[in-house]
$ cat final_22.cif   # mmCIF, N, CA, C and O atoms
data_final
#
loop_
_atom_site.label_atom_id
_atom_site.label_comp_id
_atom_site.auth_asym_id
_atom_site.auth_seq_id
_atom_site.Cartn_x
_atom_site.Cartn_y
_atom_site.Cartn_z
N MET Z 13 3.02 5.65 -9.82
CA MET Z 13 4.06 4.64 -9.96
C MET Z 13 3.61 3.50 -10.86
O MET Z 13 4.43 2.69 -11.25
N ASN Z 14 2.36 3.40 -11.19
CA ASN Z 14 1.89 2.33 -12.05
C ASN Z 14 1.90 2.71 -13.51
O ASN Z 14 1.28 2.06 -14.32
N GLU Z 15 2.60 3.78 -13.86
CA GLU Z 15 2.66 4.20 -15.24
C GLU Z 15 3.53 3.24 -16.04
O GLU Z 15 4.37 2.54 -15.51
N THR Z 16 3.31 3.22 -17.34
CA THR Z 16 4.11 2.40 -18.23
C THR Z 16 5.54 2.92 -18.23
O THR Z 16 5.77 4.12 -18.36
N PRO Z 17 6.53 2.01 -18.07
CA PRO Z 17 7.93 2.47 -18.11
C PRO Z 17 8.25 3.15 -19.42
O PRO Z 17 7.76 2.77 -20.46
N ARG Z 18 9.07 4.18 -19.34
CA ARG Z 18 9.53 4.87 -20.55
C ARG Z 18 10.51 3.99 -21.29
O ARG Z 18 11.15 3.14 -20.69
N PRO Z 19 10.64 4.19 -22.59
CA PRO Z 19 11.64 3.42 -23.34
C PRO Z 19 13.02 3.61 -22.70
O PRO Z 19 13.41 4.71 -22.34
N GLY Z 20 13.75 2.53 -22.50
CA GLY Z 20 15.09 2.59 -21.91
C GLY Z 20 15.08 2.58 -20.41
O GLY Z 20 16.11 2.45 -19.78
N ASP Z 21 13.91 2.71 -19.77
CA ASP Z 21 13.82 2.71 -18.32
C ASP Z 21 12.96 1.53 -17.89
O ASP Z 21 11.74 1.65 -17.77
N PRO Z 22 13.55 0.38 -17.66
CA PRO Z 22 12.78 -0.82 -17.35
C PRO Z 22 12.12 -0.76 -15.99
O PRO Z 22 11.25 -1.57 -15.70
N ASN Z 23 12.50 0.16 -15.16
CA ASN Z 23 11.99 0.22 -13.80
C ASN Z 23 10.85 1.23 -13.63
O ASN Z 23 10.17 1.22 -12.63
N GLY Z 24 10.69 2.13 -14.58
CA GLY Z 24 9.61 3.12 -14.51
C GLY Z 24 9.76 4.11 -13.37
O GLY Z 24 8.79 4.74 -12.96
N ILE Z 25 10.95 4.27 -12.83
CA ILE Z 25 11.17 5.19 -11.70
C ILE Z 25 11.21 6.62 -12.23
O ILE Z 25 11.88 6.92 -13.21
N GLN Z 26 10.49 7.49 -11.54
CA GLN Z 26 10.40 8.89 -11.93
C GLN Z 26 10.70 9.79 -10.74
O GLN Z 26 10.72 9.34 -9.59
N VAL Z 27 10.92 11.06 -11.01
CA VAL Z 27 11.15 12.03 -9.95
C VAL Z 27 9.99 11.97 -8.96
O VAL Z 27 8.82 11.93 -9.36
N GLY Z 28 10.32 11.91 -7.68
CA GLY Z 28 9.32 11.82 -6.62
C GLY Z 28 9.10 10.41 -6.11
O GLY Z 28 8.55 10.22 -5.03
N ASP Z 29 9.55 9.39 -6.87
CA ASP Z 29 9.43 8.01 -6.44
C ASP Z 29 10.53 7.69 -5.42
O ASP Z 29 11.57 8.34 -5.38
N ILE Z 30 10.30 6.65 -4.64
CA ILE Z 30 11.31 6.13 -3.72
C ILE Z 30 11.81 4.82 -4.31
O ILE Z 30 11.02 3.96 -4.68
N TYR Z 31 13.13 4.69 -4.41
CA TYR Z 31 13.71 3.47 -4.95
C TYR Z 31 14.85 3.00 -4.08
O TYR Z 31 15.41 3.75 -3.27
N GLU Z 32 15.21 1.72 -4.23
CA GLU Z 32 16.35 1.14 -3.53
C GLU Z 32 17.56 1.28 -4.44
O GLU Z 32 17.53 0.84 -5.58
N ASP Z 33 18.64 1.89 -3.92
CA ASP Z 33 19.84 2.05 -4.73
C ASP Z 33 20.78 0.86 -4.56
O ASP Z 33 20.44 -0.12 -3.90
N CYS Z 34 21.95 0.94 -5.15
CA CYS Z 34 22.92 -0.16 -5.14
C CYS Z 34 23.41 -0.51 -3.73
O CYS Z 34 23.89 -1.61 -3.51
N SER Z 35 23.30 0.43 -2.80
CA SER Z 35 23.72 0.19 -1.42
C SER Z 35 22.55 -0.15 -0.53
O SER Z 35 22.66 -0.12 0.70
N PHE Z 36 21.40 -0.44 -1.14
CA PHE Z 36 20.18 -0.82 -0.44
C PHE Z 36 19.59 0.30 0.40
O PHE Z 36 18.82 0.05 1.31
N HIS Z 37 19.95 1.54 0.08
CA HIS Z 37 19.33 2.70 0.73
C HIS Z 37 18.01 3.02 0.03
O HIS Z 37 17.95 3.00 -1.21
N PRO Z 38 16.98 3.35 0.78
CA PRO Z 38 15.80 3.94 0.14
C PRO Z 38 16.16 5.38 -0.24
O PRO Z 38 16.72 6.12 0.57
N VAL Z 39 15.90 5.74 -1.49
CA VAL Z 39 16.31 7.03 -2.02
C VAL Z 39 15.11 7.73 -2.64
O VAL Z 39 14.35 7.11 -3.39
N LEU Z 40 14.96 9.01 -2.33
CA LEU Z 40 13.94 9.83 -2.99
C LEU Z 40 14.54 10.31 -4.30
O LEU Z 40 15.56 11.01 -4.31
N CYS Z 41 13.92 9.93 -5.41
CA CYS Z 41 14.43 10.29 -6.74
C CYS Z 41 14.21 11.78 -6.98
O CYS Z 41 13.10 12.28 -6.89
N THR Z 42 15.30 12.49 -7.29
CA THR Z 42 15.23 13.92 -7.57
C THR Z 42 15.51 14.26 -9.02
O THR Z 42 15.25 15.38 -9.45
N ALA Z 43 16.07 13.29 -9.78
CA ALA Z 43 16.37 13.55 -11.19
C ALA Z 43 16.51 12.24 -11.94
O ALA Z 43 16.98 11.24 -11.40
N VAL Z 44 16.08 12.25 -13.20
CA VAL Z 44 16.26 11.13 -14.10
C VAL Z 44 16.91 11.69 -15.36
O VAL Z 44 16.36 12.55 -16.02
N ASP Z 45 18.13 11.20 -15.66
CA ASP Z 45 18.87 11.67 -16.82
C ASP Z 45 18.83 10.58 -17.89
O ASP Z 45 19.45 9.53 -17.75
N ASP Z 46 18.06 10.81 -18.95
CA ASP Z 46 17.90 9.83 -20.02
C ASP Z 46 19.05 9.82 -21.01
O ASP Z 46 19.10 8.97 -21.88
N VAL Z 47 19.99 10.75 -20.90
CA VAL Z 47 21.05 10.87 -21.90
C VAL Z 47 22.06 9.73 -21.77
O VAL Z 47 22.37 9.06 -22.73
N ALA Z 48 22.56 9.49 -20.59
CA ALA Z 48 23.58 8.46 -20.38
C ALA Z 48 22.94 7.21 -19.80
O ALA Z 48 23.04 6.92 -18.63
N GLY Z 49 22.26 6.44 -20.62
CA GLY Z 49 21.48 5.33 -20.10
C GLY Z 49 20.28 5.93 -19.41
O GLY Z 49 19.66 6.85 -19.93
N VAL Z 50 19.98 5.46 -18.25
CA VAL Z 50 18.92 6.07 -17.45
C VAL Z 50 19.49 6.22 -16.05
O VAL Z 50 19.39 5.34 -15.22
N MET Z 51 20.14 7.36 -15.82
CA MET Z 51 20.78 7.61 -14.55
C MET Z 51 19.78 8.23 -13.60
O MET Z 51 19.17 9.26 -13.90
N LEU Z 52 19.60 7.57 -12.44
CA LEU Z 52 18.72 8.09 -11.40
C LEU Z 52 19.58 8.78 -10.35
O LEU Z 52 20.63 8.27 -9.98
N SER Z 53 19.13 9.92 -9.85
CA SER Z 53 19.81 10.61 -8.76
C SER Z 53 18.80 10.92 -7.69
O SER Z 53 17.62 11.14 -7.97
N GLY Z 54 19.29 10.96 -6.45
CA GLY Z 54 18.37 11.27 -5.37
C GLY Z 54 19.06 11.48 -4.04
O GLY Z 54 20.29 11.58 -3.97
N ILE Z 55 18.24 11.50 -2.99
CA ILE Z 55 18.69 11.75 -1.63
C ILE Z 55 18.34 10.53 -0.79
O ILE Z 55 17.20 10.07 -0.78
N SER Z 56 19.33 10.01 -0.04
CA SER Z 56 19.09 8.87 0.83
C SER Z 56 18.10 9.24 1.93
O SER Z 56 18.23 10.28 2.58
N LEU Z 57 17.13 8.37 2.15
CA LEU Z 57 16.19 8.56 3.24
C LEU Z 57 16.69 7.91 4.53
O LEU Z 57 16.01 7.94 5.54
N ILE Z 58 17.92 7.38 4.49
CA ILE Z 58 18.56 6.82 5.68
C ILE Z 58 19.41 7.88 6.36
O ILE Z 58 19.27 8.16 7.53
N ASP Z 59 20.31 8.51 5.58
CA ASP Z 59 21.25 9.44 6.20
C ASP Z 59 21.31 10.81 5.52
O ASP Z 59 22.14 11.64 5.87
N GLY Z 60 20.47 11.04 4.54
CA GLY Z 60 20.43 12.33 3.87
C GLY Z 60 21.55 12.57 2.87
O GLY Z 60 21.68 13.66 2.33
N SER Z 61 22.37 11.54 2.61
CA SER Z 61 23.48 11.73 1.67
C SER Z 61 22.95 11.92 0.25
O SER Z 61 21.92 11.39 -0.13
N PHE Z 62 23.70 12.74 -0.50
CA PHE Z 62 23.34 13.02 -1.89
C PHE Z 62 24.54 13.56 -2.61
O PHE Z 62 25.47 14.02 -1.96
N PRO Z 63 24.61 13.53 -3.90
CA PRO Z 63 23.66 12.80 -4.74
C PRO Z 63 23.96 11.32 -4.69
O PRO Z 63 25.11 10.89 -4.65
N ARG Z 64 22.92 10.51 -4.64
CA ARG Z 64 23.02 9.06 -4.73
C ARG Z 64 22.57 8.72 -6.14
O ARG Z 64 21.50 9.14 -6.56
N SER Z 65 23.37 8.01 -6.87
CA SER Z 65 23.06 7.75 -8.28
C SER Z 65 23.11 6.27 -8.60
O SER Z 65 23.94 5.54 -8.07
N CYS Z 66 22.22 5.86 -9.49
CA CYS Z 66 22.18 4.48 -9.99
C CYS Z 66 21.83 4.51 -11.47
O CYS Z 66 21.06 5.37 -11.90
N ASP Z 67 22.36 3.57 -12.20
CA ASP Z 67 21.99 3.40 -13.60
C ASP Z 67 20.86 2.38 -13.63
O ASP Z 67 21.05 1.22 -13.28
N ALA Z 68 19.68 2.80 -14.03
CA ALA Z 68 18.50 1.94 -14.02
C ALA Z 68 18.67 0.72 -14.92
O ALA Z 68 18.00 -0.29 -14.72
N LEU Z 69 19.55 0.79 -15.89
CA LEU Z 69 19.74 -0.34 -16.80
C LEU Z 69 20.68 -1.40 -16.22
O LEU Z 69 20.60 -2.56 -16.59
N TYR Z 70 21.59 -1.02 -15.34
CA TYR Z 70 22.59 -1.95 -14.85
C TYR Z 70 22.54 -2.23 -13.35
O TYR Z 70 22.94 -3.30 -12.91
N CYS Z 71 22.06 -1.29 -12.55
CA CYS Z 71 22.06 -1.45 -11.11
C CYS Z 71 20.82 -2.18 -10.59
O CYS Z 71 20.84 -2.72 -9.50
N GLY Z 72 19.75 -2.13 -11.33
CA GLY Z 72 18.53 -2.81 -10.92
C GLY Z 72 17.78 -2.17 -9.77
O GLY Z 72 17.29 -2.87 -8.90
N PRO Z 73 17.69 -0.84 -9.73
CA PRO Z 73 16.93 -0.22 -8.63
C PRO Z 73 15.47 -0.66 -8.69
O PRO Z 73 14.94 -0.92 -9.77
N ILE Z 74 14.86 -0.77 -7.52
CA ILE Z 74 13.45 -1.16 -7.45
C ILE Z 74 12.67 -0.11 -6.67
O ILE Z 74 13.23 0.59 -5.83
N HIS Z 75 11.37 -0.03 -6.96
CA HIS Z 75 10.50 0.86 -6.20
C HIS Z 75 10.39 0.36 -4.76
O HIS Z 75 10.38 -0.85 -4.52
N ILE Z 76 10.27 1.29 -3.82
CA ILE Z 76 10.03 0.96 -2.42
C ILE Z 76 8.83 1.77 -1.97
O ILE Z 76 8.74 2.97 -2.25
N ARG Z 77 7.92 1.12 -1.25
CA ARG Z 77 6.77 1.83 -0.69
C ARG Z 77 7.23 2.65 0.51
O ARG Z 77 8.12 2.25 1.26
N VAL Z 78 6.61 3.80 0.69
CA VAL Z 78 7.00 4.70 1.78
C VAL Z 78 6.86 4.00 3.13
O VAL Z 78 7.64 4.25 4.05
N GLU Z 79 5.92 3.08 3.26
CA GLU Z 79 5.73 2.36 4.52
C GLU Z 79 6.94 1.50 4.87
O GLU Z 79 7.21 1.25 6.05
N GLU Z 80 7.67 1.05 3.88
CA GLU Z 80 8.85 0.21 4.11
C GLU Z 80 10.06 1.00 4.60
O GLU Z 80 10.96 0.43 5.22
N VAL Z 81 10.09 2.29 4.33
CA VAL Z 81 11.26 3.11 4.65
C VAL Z 81 11.56 3.10 6.14
O VAL Z 81 12.71 2.97 6.56
N VAL Z 82 10.54 3.19 6.99
CA VAL Z 82 10.75 3.23 8.44
C VAL Z 82 11.40 1.92 8.90
O VAL Z 82 12.37 1.94 9.67
N ALA Z 83 10.90 0.79 8.43
CA ALA Z 83 11.48 -0.50 8.82
C ALA Z 83 12.92 -0.62 8.33
O ALA Z 83 13.79 -1.12 9.06
N ILE Z 84 13.19 -0.19 7.14
CA ILE Z 84 14.54 -0.25 6.59
C ILE Z 84 15.47 0.64 7.42
O ILE Z 84 16.59 0.24 7.76
N LYS Z 85 15.01 1.83 7.77
CA LYS Z 85 15.84 2.77 8.55
C LYS Z 85 16.19 2.19 9.92
O LYS Z 85 17.28 2.41 10.43
N GLN Z 86 15.28 1.43 10.52
CA GLN Z 86 15.54 0.85 11.83
C GLN Z 86 16.60 -0.23 11.80
O GLN Z 86 17.29 -0.47 12.78
N ASP Z 87 16.76 -0.91 10.65
CA ASP Z 87 17.74 -1.99 10.56
C ASP Z 87 18.26 -2.11 9.13
O ASP Z 87 17.99 -3.09 8.42
N LEU Z 88 19.03 -1.11 8.69
CA LEU Z 88 19.56 -1.10 7.33
C LEU Z 88 20.45 -2.31 7.07
O LEU Z 88 20.36 -2.94 6.02
N ASP Z 89 21.30 -2.67 8.04
CA ASP Z 89 22.20 -3.81 7.83
C ASP Z 89 21.41 -5.11 7.64
O ASP Z 89 21.73 -5.91 6.76
N GLY Z 90 20.39 -5.32 8.46
CA GLY Z 90 19.55 -6.51 8.32
C GLY Z 90 18.82 -6.52 6.99
O GLY Z 90 18.72 -7.56 6.33
N TYR Z 91 18.30 -5.36 6.59
CA TYR Z 91 17.61 -5.25 5.31
C TYR Z 91 18.57 -5.57 4.16
O TYR Z 91 18.23 -6.33 3.26
N ALA Z 92 19.77 -5.01 4.22
CA ALA Z 92 20.77 -5.25 3.16
C ALA Z 92 21.12 -6.74 3.08
O ALA Z 92 21.24 -7.28 1.99
N ARG Z 93 21.27 -7.40 4.23
CA ARG Z 93 21.57 -8.85 4.23
C ARG Z 93 20.44 -9.63 3.57
O ARG Z 93 20.69 -10.53 2.75
N ARG Z 94 19.19 -9.30 3.91
CA ARG Z 94 18.05 -10.00 3.32
C ARG Z 94 17.99 -9.79 1.81
O ARG Z 94 17.76 -10.72 1.05
N ARG Z 95 18.20 -8.54 1.37
CA ARG Z 95 18.14 -8.24 -0.07
C ARG Z 95 19.25 -8.94 -0.83
O ARG Z 95 19.04 -9.46 -1.92
N LYS Z 96 20.45 -8.98 -0.24
CA LYS Z 96 21.56 -9.69 -0.90
C LYS Z 96 21.24 -11.16 -1.04
O LYS Z 96 21.51 -11.76 -2.09
N ALA Z 97 20.66 -11.76 -0.01
CA ALA Z 97 20.28 -13.18 -0.07
C ALA Z 97 19.22 -13.39 -1.14
O ALA Z 97 19.27 -14.37 -1.90
N GLU Z 98 18.25 -12.48 -1.23
CA GLU Z 98 17.21 -12.58 -2.27
C GLU Z 98 17.82 -12.50 -3.66
O GLU Z 98 17.46 -13.26 -4.56
N LEU Z 99 18.76 -11.57 -3.84
CA LEU Z 99 19.39 -11.41 -5.14
C LEU Z 99 20.22 -12.63 -5.53
O LEU Z 99 20.23 -13.05 -6.68
N ARG Z 100 20.92 -13.22 -4.53
CA ARG Z 100 21.68 -14.44 -4.80
C ARG Z 100 20.75 -15.58 -5.19
O ARG Z 100 21.02 -16.34 -6.11
N ALA Z 101 19.61 -15.68 -4.50
CA ALA Z 101 18.64 -16.73 -4.81
C ALA Z 101 18.08 -16.54 -6.22
O ALA Z 101 17.88 -17.51 -6.94
N ASP Z 102 17.83 -15.28 -6.60
CA ASP Z 102 17.32 -15.00 -7.95
C ASP Z 102 18.34 -15.39 -9.01
O ASP Z 102 17.97 -15.81 -10.10
N ASP Z 103 19.63 -15.25 -8.71
CA ASP Z 103 20.68 -15.58 -9.67
C ASP Z 103 20.78 -17.08 -9.92
O ASP Z 103 21.26 -17.51 -10.96
N THR Z 104 20.34 -17.89 -8.96
CA THR Z 104 20.47 -19.35 -9.10
C THR Z 104 19.24 -19.98 -9.74
O THR Z 104 19.25 -21.15 -10.05
N THR Z 105 18.18 -19.18 -9.95
CA THR Z 105 16.97 -19.75 -10.56
C THR Z 105 16.96 -19.58 -12.04
O THR Z 105 17.66 -18.87 -12.63
#
$ encode --input "final_22.cif" --output "structure tokens"
Amino acid sequence: MNETPRPGDPNGIQVGDIYEDCSFHPVLCTAVDDVAGVMLSGISLIDGSFPRSCDALYCGPIHIRVEEVVAIKQDLDGYARRRKAELRADDTT
């Protein structure tokens, strides 16, 4: 995960990585499509839903450590509230 991001992929997310999608789900990345922007696809580690997709250029997915997944799964709503507050705070700085 510490590799240099590929051109067009500011997040450096690759197949096999875990990332947070637009709905704040931890997702196991199963595909990266470089043709249409940088579309990430994967499987939710919360409920198994798939395909879950995000555009790495516009959605702002972030890497998540596997250790965090258990805590997120126990309280997804609380995690989502905290992340939304963090994102709002980032917008005001």
$ resolve_selection --input "final_22.cif" --expression "the PyMOL selection byres ((chain Z and resi 24-36) around 8)" --output "short mmCIF file (atom, residue, chain, number, x, y, z; two decimals) with N, CA, C and O atoms, keeping the file's coordinate frame"
data_model
loop_
_atom_site.label_atom_id
_atom_site.label_comp_id
_atom_site.auth_asym_id
_atom_site.auth_seq_id
_atom_site.Cartn_x
_atom_site.Cartn_y
_atom_site.Cartn_z
N MET Z 13 3.02 5.65 -9.82
CA MET Z 13 4.06 4.64 -9.96
C MET Z 13 3.61 3.50 -10.86
O MET Z 13 4.43 2.69 -11.25
N ASN Z 14 2.36 3.40 -11.19
CA ASN Z 14 1.89 2.33 -12.05
C ASN Z 14 1.90 2.71 -13.51
O ASN Z 14 1.28 2.06 -14.32
N GLU Z 15 2.60 3.78 -13.86
CA GLU Z 15 2.66 4.20 -15.24
C GLU Z 15 3.53 3.24 -16.04
O GLU Z 15 4.37 2.54 -15.51
N THR Z 16 3.31 3.22 -17.34
CA THR Z 16 4.11 2.40 -18.23
C THR Z 16 5.54 2.92 -18.23
O THR Z 16 5.77 4.12 -18.36
N PRO Z 17 6.53 2.01 -18.07
CA PRO Z 17 7.93 2.47 -18.11
C PRO Z 17 8.25 3.15 -19.42
O PRO Z 17 7.76 2.77 -20.46
N ARG Z 18 9.07 4.18 -19.34
CA ARG Z 18 9.53 4.87 -20.55
C ARG Z 18 10.51 3.99 -21.29
O ARG Z 18 11.15 3.14 -20.69
N GLY Z 20 13.75 2.53 -22.50
CA GLY Z 20 15.09 2.59 -21.91
C GLY Z 20 15.08 2.58 -20.41
O GLY Z 20 16.11 2.45 -19.78
N ASP Z 21 13.91 2.71 -19.77
CA ASP Z 21 13.82 2.71 -18.32
C ASP Z 21 12.96 1.53 -17.89
O ASP Z 21 11.74 1.65 -17.77
N PRO Z 22 13.55 0.38 -17.66
CA PRO Z 22 12.78 -0.82 -17.35
C PRO Z 22 12.12 -0.76 -15.99
O PRO Z 22 11.25 -1.57 -15.70
N ASN Z 23 12.50 0.16 -15.16
CA ASN Z 23 11.99 0.22 -13.80
C ASN Z 23 10.85 1.23 -13.63
O ASN Z 23 10.17 1.22 -12.63
N HIS Z 37 19.95 1.54 0.08
CA HIS Z 37 19.33 2.70 0.73
C HIS Z 37 18.01 3.02 0.03
O HIS Z 37 17.95 3.00 -1.21
N PRO Z 38 16.98 3.35 0.78
CA PRO Z 38 15.80 3.94 0.14
C PRO Z 38 16.16 5.38 -0.24
O PRO Z 38 16.72 6.12 0.57
N VAL Z 39 15.90 5.74 -1.49
CA VAL Z 39 16.31 7.03 -2.02
C VAL Z 39 15.11 7.73 -2.64
O VAL Z 39 14.35 7.11 -3.39
N LEU Z 40 14.96 9.01 -2.33
CA LEU Z 40 13.94 9.83 -2.99
C LEU Z 40 14.54 10.31 -4.30
O LEU Z 40 15.56 11.01 -4.31
N CYS Z 41 13.92 9.93 -5.41
CA CYS Z 41 14.43 10.29 -6.74
C CYS Z 41 14.21 11.78 -6.98
O CYS Z 41 13.10 12.28 -6.89
N THR Z 42 15.30 12.49 -7.29
CA THR Z 42 15.23 13.92 -7.57
C THR Z 42 15.51 14.26 -9.02
O THR Z 42 15.25 15.38 -9.45
N ALA Z 43 16.07 13.29 -9.78
CA ALA Z 43 16.37 13.55 -11.19
C ALA Z 43 16.51 12.24 -11.94
O ALA Z 43 16.98 11.24 -11.40
N VAL Z 44 16.08 12.25 -13.20
CA VAL Z 44 16.26 11.13 -14.10
C VAL Z 44 16.91 11.69 -15.36
O VAL Z 44 16.36 12.55 -16.02
N ASP Z 45 18.13 11.20 -15.66
CA ASP Z 45 18.87 11.67 -16.82
C ASP Z 45 18.83 10.58 -17.89
O ASP Z 45 19.45 9.53 -17.75
N VAL Z 50 19.98 5.46 -18.25
CA VAL Z 50 18.92 6.07 -17.45
C VAL Z 50 19.49 6.22 -16.05
O VAL Z 50 19.39 5.34 -15.22
N MET Z 51 20.14 7.36 -15.82
CA MET Z 51 20.78 7.61 -14.55
C MET Z 51 19.78 8.23 -13.60
O MET Z 51 19.17 9.26 -13.90
N LEU Z 52 19.60 7.57 -12.44
CA LEU Z 52 18.72 8.09 -11.40
C LEU Z 52 19.58 8.78 -10.35
O LEU Z 52 20.63 8.27 -9.98
N SER Z 53 19.13 9.92 -9.85
CA SER Z 53 19.81 10.61 -8.76
C SER Z 53 18.80 10.92 -7.69
O SER Z 53 17.62 11.14 -7.97
N GLY Z 54 19.29 10.96 -6.45
CA GLY Z 54 18.37 11.27 -5.37
C GLY Z 54 19.06 11.48 -4.04
O GLY Z 54 20.29 11.58 -3.97
N ILE Z 55 18.24 11.50 -2.99
CA ILE Z 55 18.69 11.75 -1.63
C ILE Z 55 18.34 10.53 -0.79
O ILE Z 55 17.20 10.07 -0.78
N SER Z 56 19.33 10.01 -0.04
CA SER Z 56 19.09 8.87 0.83
C SER Z 56 18.10 9.24 1.93
O SER Z 56 18.23 10.28 2.58
N LEU Z 57 17.13 8.37 2.15
CA LEU Z 57 16.19 8.56 3.24
C LEU Z 57 16.69 7.91 4.53
O LEU Z 57 16.01 7.94 5.54
N ARG Z 64 22.92 10.51 -4.64
CA ARG Z 64 23.02 9.06 -4.73
C ARG Z 64 22.57 8.72 -6.14
O ARG Z 64 21.50 9.14 -6.56
N SER Z 65 23.37 8.01 -6.87
CA SER Z 65 23.06 7.75 -8.28
C SER Z 65 23.11 6.27 -8.60
O SER Z 65 23.94 5.54 -8.07
N CYS Z 66 22.22 5.86 -9.49
CA CYS Z 66 22.18 4.48 -9.99
C CYS Z 66 21.83 4.51 -11.47
O CYS Z 66 21.06 5.37 -11.90
N ASP Z 67 22.36 3.57 -12.20
CA ASP Z 67 21.99 3.40 -13.60
C ASP Z 67 20.86 2.38 -13.63
O ASP Z 67 21.05 1.22 -13.28
N ALA Z 68 19.68 2.80 -14.03
CA ALA Z 68 18.50 1.94 -14.02
C ALA Z 68 18.67 0.72 -14.92
O ALA Z 68 18.00 -0.29 -14.72
N CYS Z 71 22.06 -1.29 -12.55
CA CYS Z 71 22.06 -1.45 -11.11
C CYS Z 71 20.82 -2.18 -10.59
O CYS Z 71 20.84 -2.72 -9.50
N GLY Z 72 19.75 -2.13 -11.33
CA GLY Z 72 18.53 -2.81 -10.92
C GLY Z 72 17.78 -2.17 -9.77
O GLY Z 72 17.29 -2.87 -8.90
N PRO Z 73 17.69 -0.84 -9.73
CA PRO Z 73 16.93 -0.22 -8.63
C PRO Z 73 15.47 -0.66 -8.69
O PRO Z 73 14.94 -0.92 -9.77
N ILE Z 74 14.86 -0.77 -7.52
CA ILE Z 74 13.45 -1.16 -7.45
C ILE Z 74 12.67 -0.11 -6.67
O ILE Z 74 13.23 0.59 -5.83
N HIS Z 75 11.37 -0.03 -6.96
CA HIS Z 75 10.50 0.86 -6.20
C HIS Z 75 10.39 0.36 -4.76
O HIS Z 75 10.38 -0.85 -4.52
N ILE Z 76 10.27 1.29 -3.82
CA ILE Z 76 10.03 0.96 -2.42
C ILE Z 76 8.83 1.77 -1.97
O ILE Z 76 8.74 2.97 -2.25
N ARG Z 77 7.92 1.12 -1.25
CA ARG Z 77 6.77 1.83 -0.69
C ARG Z 77 7.23 2.65 0.51
O ARG Z 77 8.12 2.25 1.26
N VAL Z 78 6.61 3.80 0.69
CA VAL Z 78 7.00 4.70 1.78
C VAL Z 78 6.86 4.00 3.13
O VAL Z 78 7.64 4.25 4.05
N ILE Z 84 13.19 -0.19 7.14
CA ILE Z 84 14.54 -0.25 6.59
C ILE Z 84 15.47 0.64 7.42
O ILE Z 84 16.59 0.24 7.76
N LYS Z 85 15.01 1.83 7.77
CA LYS Z 85 15.84 2.77 8.55
C LYS Z 85 16.19 2.19 9.92
O LYS Z 85 17.28 2.41 10.43
N ASP Z 87 16.76 -0.91 10.65
CA ASP Z 87 17.74 -1.99 10.56
C ASP Z 87 18.26 -2.11 9.13
O ASP Z 87 17.99 -3.09 8.42
N LEU Z 88 19.03 -1.11 8.69
CA LEU Z 88 19.56 -1.10 7.33
C LEU Z 88 20.45 -2.31 7.07
O LEU Z 88 20.36 -2.94 6.02
N ASP Z 89 21.30 -2.67 8.04
CA ASP Z 89 22.20 -3.81 7.83
C ASP Z 89 21.41 -5.11 7.64
O ASP Z 89 21.73 -5.91 6.76
N TYR Z 91 18.30 -5.36 6.59
CA TYR Z 91 17.61 -5.25 5.31
C TYR Z 91 18.57 -5.57 4.16
O TYR Z 91 18.23 -6.33 3.26
N ALA Z 92 19.77 -5.01 4.22
CA ALA Z 92 20.77 -5.25 3.16
C ALA Z 92 21.12 -6.74 3.08
O ALA Z 92 21.24 -7.28 1.99
N ARG Z 95 18.20 -8.54 1.37
CA ARG Z 95 18.14 -8.24 -0.07
C ARG Z 95 19.25 -8.94 -0.83
O ARG Z 95 19.04 -9.46 -1.92
#
$ atom_distance --input "final_22.cif" --atom1 "atom N of Gly90 of chain Z" --atom2 "atom CA of Ile58 of chain Z"
12.6 Å
$ select_by_dssp --input "final_22.cif" --residues "chain Z" --states "strand (DSSP E or B)" --output "list in words"
Ile30, Tyr31, Glu32, Pro38, Val39, Leu40, Cys41, Thr42, Ala43, Val44, Asp45, Met51, Leu52, Ser53, Gly54, Ile55, Ser56, Arg64, Ser65, Cys66, Asp67, Ile74 and His75 of chain Z
$ atom_distance --input "final_22.cif" --atom1 "atom CA of Asp59 of chain Z" --atom2 "atom CA of Glu80 of chain Z"
15.6 Å
$ decode --input "final_22.cif" --residues "segment 89-95 of chain Z" --atoms "N, CA, C and O atoms" --output "PDB file, in the first residue's frame"
ATOM      1  N   ASP Z  89     -23.043   3.206  11.546  1.00  0.00           N
ATOM      2  CA  ASP Z  89     -23.702   4.512  11.611  1.00  0.00           C
ATOM      3  C   ASP Z  89     -22.856   5.526  12.376  1.00  0.00           C
ATOM      4  O   ASP Z  89     -22.709   6.675  11.952  1.00  0.00           O
ATOM      5  N   GLY Z  90     -22.284   5.114  13.501  1.00  0.00           N
ATOM      6  CA  GLY Z  90     -21.420   5.998  14.276  1.00  0.00           C
ATOM      7  C   GLY Z  90     -20.176   6.380  13.492  1.00  0.00           C
ATOM      8  O   GLY Z  90     -19.740   7.536  13.504  1.00  0.00           O
ATOM      9  N   TYR Z  91     -19.593   5.401  12.799  1.00  0.00           N
ATOM     10  CA  TYR Z  91     -18.411   5.669  11.978  1.00  0.00           C
ATOM     11  C   TYR Z  91     -18.748   6.669  10.874  1.00  0.00           C
ATOM     12  O   TYR Z  91     -18.012   7.621  10.648  1.00  0.00           O
ATOM     13  N   ALA Z  92     -19.880   6.460  10.206  1.00  0.00           N
ATOM     14  CA  ALA Z  92     -20.291   7.356   9.120  1.00  0.00           C
ATOM     15  C   ALA Z  92     -20.499   8.779   9.653  1.00  0.00           C
ATOM     16  O   ALA Z  92     -20.096   9.744   9.003  1.00  0.00           O
ATOM     17  N   ARG Z  93     -21.117   8.919  10.831  1.00  0.00           N
ATOM     18  CA  ARG Z  93     -21.309  10.257  11.420  1.00  0.00           C
ATOM     19  C   ARG Z  93     -19.968  10.934  11.690  1.00  0.00           C
ATOM     20  O   ARG Z  93     -19.790  12.117  11.384  1.00  0.00           O
ATOM     21  N   ARG Z  94     -19.019  10.184  12.258  1.00  0.00           N
ATOM     22  CA  ARG Z  94     -17.697  10.757  12.545  1.00  0.00           C
ATOM     23  C   ARG Z  94     -16.989  11.187  11.265  1.00  0.00           C
ATOM     24  O   ARG Z  94     -16.403  12.262  11.198  1.00  0.00           O
ATOM     25  N   ARG Z  95     -17.044  10.332  10.236  1.00  0.00           N
ATOM     26  CA  ARG Z  95     -16.367  10.658   8.970  1.00  0.00           C
ATOM     27  C   ARG Z  95     -16.999  11.867   8.296  1.00  0.00           C
ATOM     28  O   ARG Z  95     -16.300  12.722   7.763  1.00  0.00           O
TER      29      ARG Z  95
END
